[in-house]
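Enquirer: Here it is, the structure in full.
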Amino acid sequence: MTDIESIANRSGADMALAYRSGEATPSEVVECLLARIERTRSDNIFITVLAERARAEAKAATERYKAGQPLSALDGVPVAWKDLIDIAGAPTTAGSKFFSGGPVKTADLACAANAAAAGMVTMGKLNMTEMAYSGLGLNPHFGTPLNPNDRNTPRSPGGSSSGSGAAVAAKLVPCAIGTDTGGSVRIPSAFNGVVGYKTSCGRIDATGLFPLARTFDTIGPLAHTGEDCILLDRALRGAITAGVLRSDPGELTLLFPPNVVMNDVQEAVAANFERSLEALARAGVSIRHERIDVLDEILEMNARHGSLTAAEAYCEYHKLVDSDNVKQIDRRVVKRIMDGKKMSAFDILSIQRGRQNMIPKLIRQLRGALLVMPTSPITAPEVAPLEKSDELFHKVNLLALRNTMLGNILDLCAVAMPNGHDAGKMPTSILFSAPRGEDERLLSAAAALEPIIAASR
């Protein structure tokens, strides 16, 4: 007897192999996952479930497998979408009640249309930080998604792609699509214990995406494995082939900066990171320890001038936050947007010119190495204290995002992967990054590094 529950727990790639072997059909797996989603409604992970669409797409995929004509390596694999990506048949809420009354979309965003063309099955829209502006994932309108690693004490699911990370970790879908502006794919990946891939700016077409800061906004996958992220990257771009070949660990070099990225790091995060580096070194990976001055320069620049994300967010939503409708928006999100209103032209130009100088400096120092650091210096914090104190919320939010934010400012692509747990069984994560446009090289390295990291956990 086929164990559909077990098959529904697999990675997308392994699920598709079950379809090819006749072990299961897409329709059977989709029904199993729809039942799971219904049972976990109170976990606040999905905003909209598109059961009718999912069943129709799964039925079509089932027929293709019967005919021996699957469309891709992910044909029939379920996927869910962060609710700032347009999906036909649902409104785009951006995690906000203010926008939830908008029209039902009649067409998928380009990346979702590409995934559908590859045969993937859309399950619905996922919860998120309102307007994508927080790394902690709290949402006062749709409820904060439950981090499935601790069902007794509510903990942050990470943000802003909170539902995306929680949905994969809870095995409601094998893969989900989020966005990343300052860490919004990588932090939910870290806090939930899944793999997340922050793509290079412009690699996946973001035209029509509900924006936060267009300079930094990127679309990227969260999944159980790096292999799935590689396949999803191809599907989301509408690419037929991928230029990803597994690297030889002995030919890889990592650069670890001891400054900034280890400040205020929790003991378990540091211990698991050190253990990961030791395992990589034993596998033949070369690891350089070097101070990177531009990391300190970024912190100084932000302290002096503010955040370019805040300035762009205010530019996008000034009419909303300067109107009476602001009362409908999460106060914590409003505060961050209003920080952008205070910035001067001098501040914005200083940041832009600073980035122009910092990016080539980092590339010269890397000399072909990948940058490595803990994805976040902390594991998922408890939600209750964050809800009680806005001051604590903003302090913890900045700390959670500190390492990932560096990558956005330095125009990097990155892969976050789980590398252990703390004493409370909450996941920790390690982050590998490369310069913009070097996604194939990064993914090739990640394919080699992931099994080493997994074996050392």
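Residue names in the structure tokens use chain letters A, B, ... in the order shown, residue numbers from 1 in each chain, and ligand numbers from 1 in the order shown.
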When you look at region 418-432 of chain A with a cut-off of 10 Å (counting only C-alpha atoms), what residues show up, excluding the ones that are within fewer than 6 positions of it in the same chain? I need them as a ChimeraX atom specification.
Expert: /A:147-150,155,186-187,189-197,224-225,254-256,266-273,275-277,370-381,403-404,412,442-443,445-446,449-450,452-457
Enquirer: If you run DSSP on this backbone, which residues of region 250-295 of chain A come out as strand (DSSP E), and could you give them as a PyMOL selection string?
Expert: chain A and resi 253-256+286-289
Enquirer: Write out, as a compact mmCIF listing (two decimals), in the first residue's frame, the residues just selected, with C-alpha atoms.
Expert:
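Produced file selection.txt, reproduced below:
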```txt
# COMPACT_ATOMS: atom_id res chain seq x y z
CA THR A 253 37.28 28.67 -0.82
CA LEU A 254 35.20 30.38 1.85
CA LEU A 255 35.98 33.72 3.44
CA PHE A 256 34.82 34.14 7.05
CA SER A 286 39.72 26.10 2.06
CA ILE A 287 38.64 28.67 4.67
CA ARG A 288 40.18 32.11 4.99
CA HIS A 289 39.64 34.19 8.15
```
Enquirer: Quick one: residues within 10 Å of Gly182 (chain A), only C-alpha atoms, excluding same-chain residues fewer than 4 positions away - as an MDAnalysis selection string?
Expert: chainID A and resid 132:135 159:160 186:187 198 213 216:218 309 401:409
Enquirer: Mind dumping a table of every region 326-376 of chain A residue within 10 Å of region 92-105 of chain A, with the nearest atom pair and its distance in Å to one decimal, using only C-alpha atoms, sorted by chain and rising number, as a Markdown table?
Expert:
```
| residue | atom | partner | partner_atom | distance |
| --- | --- | --- | --- | --- |
| A:Val326 | CA | A:Phe98 | CA | 9.3 |
| A:Lys327 | CA | A:Phe98 | CA | 9.8 |
| A:Gln328 | CA | A:Phe98 | CA | 6.3 |
| A:Ile329 | CA | A:Ser96 | CA | 7.1 |
| A:Asp330 | CA | A:Ser96 | CA | 8.4 |
```
Enquirer: Keeping only C-alpha atoms, write those residues as a short mmCIF file (atom, residue, chain, number, x, y, z; two decimals), in the first residue's frame.
Expert:
```cif
data_model
loop_
_atom_site.label_atom_id
_atom_site.label_comp_id
_atom_site.auth_asym_id
_atom_site.auth_seq_id
_atom_site.Cartn_x
_atom_site.Cartn_y
_atom_site.Cartn_z
CA VAL A 326 -2.36 54.72 8.42
CA LYS A 327 -4.38 53.54 11.44
CA GLN A 328 -5.11 50.34 9.52
CA ILE A 329 -1.41 49.47 9.18
CA ASP A 330 0.73 47.66 11.76
#
```
Enquirer: Excluding Pro435 (chain A) and residues on its chain fewer than 3 positions from it, collect all residues at most 8 Å away from it, counting only C-alpha atoms, and give them as an MDAnalysis selection string.
Expert: chainID A and resid 363 410:413 438
Enquirer: Can you pull out every residue within 12 Å of Asn114 (chain A), counting only C-alpha atoms, but drop anything in the same chain fewer than 4 positions away, and send it as a list in words?
Expert: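 Final neighbour list, sorted by chain and number: Leu71, Ser72, Leu74, Asp75, Ile87, Ala107, Asp108, Leu109, Ala110, Ala118, Gly119, Met120, Val121, Thr122, Ile204, Asp205, Leu232, Asp233, Arg234, Ala235, Leu236, Arg237, Gly238, Ala239 and Ile240 of chain A.
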